[in-house]
Each structure stands twice: as structure tokens, then as C-alpha cells.
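Q: This is the structure I want to talk about, given as C-alpha cells.
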Amino acid sequence: MSTSTKALPKEELLTQLRAMIRDLFAAQAAGQVQARVARAHGYVDGFMRALLDTGFAGKRELLEMVAAERERVSGPALRTLEQVPDEGELLHLREQTTAA
């Protein structure tokens with residue numbers, strides 16, 4: 001007996017991820033048990049890592065999705081994505097704070 005797997009289209013994968021992120025933020029906002037929220041974080045992180053590793057989605061695309069879903073549940077963000085430092089800037093800031 002052979003099992004075959006059917007690849008899902010990118011849009012369907014992103015729709016599934018969007019629903020997972022929405023559920024995660026809703027659980028946090030509702031004050032769900034921390035173990036449930038942590039497990040949901042793990043699922044979302046793994047799903048996002050798989051999308052990044054396979055090239056199905058880019059970092060910016062996923063960040064925008066997370067920001068949109070967070071805004072849907074919690075209201076607008078305090079900063080825009082353009083104000084968030086990239087990885088190189090974060091390393092530089094980390095080095096400055098540890099040197100001080």
C-alpha cells in the first residue's frame with residue numbers, strides 16, 4: 001500500500017498559517033493556559049520555518065502576515081515594520097549593550 005502526498009498550493013498554506021496565527025493571538029488575548037499558548041507558538045514557528053526553508057514564503061511576507069493578524073486581534077502596532085531593525089542592526093545593538 002503506497003501513500004501519496006499532494007502538495008498544497010502556496011495560497012492554501014498561507015491561509016492555514018494565517019488561521020493558526022489568528023488562533024494563537026486569540027488564545028493569548030483570552031488568557032488561555034500558558035501550555036496551550038506555548039504549544040500553539042511551537043506549531044506556528046515550525047510552520048513558518050518550513051515555509052522559509054522551502055522558499056514558499058519570504059521573511060517580509062511572513063512578518064506582514066503576523067503583523068496583520070496581531071492587529072486584527074490586538075489593535076494597531078506601536079511601530080511599523082519599517083521601524084523594526086534588521087538582523088545586522090540587532091547584532092550591532094546587542095554588541096553595544098553588552099559592551100556597556
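We name chains A, B, ... following the order of the C-alpha cells; residues begin at 1 in each chain, and ligands are numbered from 1 as shown.
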For stretch 37-50 of chain A, work out the shell of residues within 7 Å, counting only C-alpha atoms and skipping chain neighbours fewer than 4 positions away, then give it as a list of chain:residue names.
A: A:Met20, A:Ile21, A:Leu24, A:Ala27, A:Gln28, A:Gln32, A:Val33, A:Thr54
Q: Please report the interatomic distance between atom CA of A:Lys10 and atom CA of A:Phe56 in Å with one decimal.
A: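 Computing the Euclidean distance for atom CA of A:Lys10 and atom CA of A:Phe56 yields 6.4 Å.
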Q: Can you work out the spacing between atom CA of A:Leu63 and atom CA of A:Pro9 in Å, to one decimal?
A: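 Between these atoms lies a distance of 19.9 Å.
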Q: Taking only C-alpha atoms into account, which of A:Ala26, A:Gln96, A:Ala68, A:Leu14 comes nearest A:Leu52?
A: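 Going through A:Ala26, A:Gln96, A:Ala68, A:Leu14 one by one, the smallest distance to A:Leu52 is for A:Leu14.
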Q: With distances taken over only C-alpha atoms, which of A:Met65, A:Val73, A:Leu51, A:Ala30 is nearest to A:Arg18?
A: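 So, comparing all the options, the nearest one is A:Met65.
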Q: Report, in Å with one decimal, the straight-line distance from atom CA of A:Ala19 to atom CA of A:Val66.
A: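 For atom CA of A:Ala19 relative to atom CA of A:Val66, the distance reads 10.6 Å.
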Q: Check stretch 7-91 of chain A with DSSP on the backbone and list each residue it calls helix (DSSP H, G or I), as a PyMOL selection string.
A: chain A and resi 10-29+34-54+59-74+81-83+87-91
